[in-house]
Every structure is written in structure tokens, then in C-alpha cells.
Amino acid sequence: MNVQEIRKIVRQRPFKPFWFHLDNGQKYAVKHSEIVVGNELIVTLDEDGKTVMIAPEAVTSIEFMEAEFSFAESATDKP
């Protein structure tokens, strides 16, 4: 993907968590907007808090994470 497309996704407000899918089959979760997108390098943190550096040209696609909702009770359950 090109850098401008990646930056546009990262700058969306409100921020939407997403997955980077890479050309080597790996994928990385991006759950916060604290990510650096340079012309030649993307820097983010993995799930363990370790720094991950990705070449923008290695990103084949971006997939937004599904929102996780939890309802204690539905409105129809109320008397």
C-alpha cells in the first residue's frame, strides 16, 4: 500500500483499530493511534509492547477490527 493511504487510515477520528496484513503472511494488530508512518518505515507496537518496524511496501492490506459489544441485558428483557 502507499504511505498516503496508510496515513489516512491512521489519522481517522475516532481511531478505528485495524490489522496490517503483510506480504510474508504475517499480520500485526494496531489498536491505538500511537503509530509513526514514515515514507520508508512504519513503527508501531505489537501485542507484547515490543517495537515493530514495517516497510510500507510490505503492507498488502488493512482490515478493520470488528467492534466488540457486550450487552448485560436487552431492552426487551425489561418489565
# chains A, B, ... in the order shown; residues from 1 in each chain; ligands from 1

call {"tool": "select_by_dssp", "arguments": {"residues": "chain A", "states": "alpha helix (DSSP H)", "output": "PyMOL selection string"}}
result
chain A and resi 3-10

call {"tool": "closest_residue", "arguments": {"among": "A:Thr51, A:Leu41, A:Gln4, A:Ile35", "to": "A:Phe18", "atoms": "only C-alpha atoms"}}
result
A:Ile35

call {"tool": "residues_around", "arguments": {"residues": "A:Gln26", "least_positions_apart": "5", "cutoff": "12 Å", "atoms": "only C-alpha atoms", "output": "list in words"}}
result
Trp19, Phe20, His21, Asp46, Val52, Ile54, Ala58, Val59, Thr60 and Ser61 of chain A

call {"tool": "atom_distance", "arguments": {"atom1": "atom CA of A:Ile62", "atom2": "atom CA of A:Val43"}}
result
15.4 Å

call {"tool": "atom_distance", "arguments": {"atom1": "atom CA of A:Gln12", "atom2": "atom CA of A:Asn24"}}
result
26.6 Å

call {"tool": "atom_distance", "arguments": {"atom1": "atom CA of A:Val3", "atom2": "atom CA of A:Val36"}}
result
11.0 Å

call {"tool": "closest_residue", "arguments": {"among": "A:Pro56, A:Phe15, A:Tyr28, A:Ile9", "to": "A:Thr44", "atoms": "only C-alpha atoms"}}
result
A:Tyr28

call {"tool": "residues_around", "arguments": {"residues": "A:His32", "least_positions_apart": "2", "cutoff": "7 Å", "atoms": "only C-alpha atoms", "output": "PyMOL selection string"}}
result
chain A and resi 17+30+34

call {"tool": "select_by_dssp", "arguments": {"residues": "chain A", "states": "strand (DSSP E)", "output": "count of residues only"}}
result
25

call {"tool": "closest_residue", "arguments": {"among": "A:Glu63, A:Pro14, A:Lys50, A:Lys8", "to": "A:Lys27", "atoms": "only C-alpha atoms"}}
result
A:Glu63

call {"tool": "closest_residue", "arguments": {"among": "A:Asn2, A:Glu66, A:Leu22, A:Arg13", "to": "A:Asn39", "atoms": "only C-alpha atoms"}}
result
A:Asn2
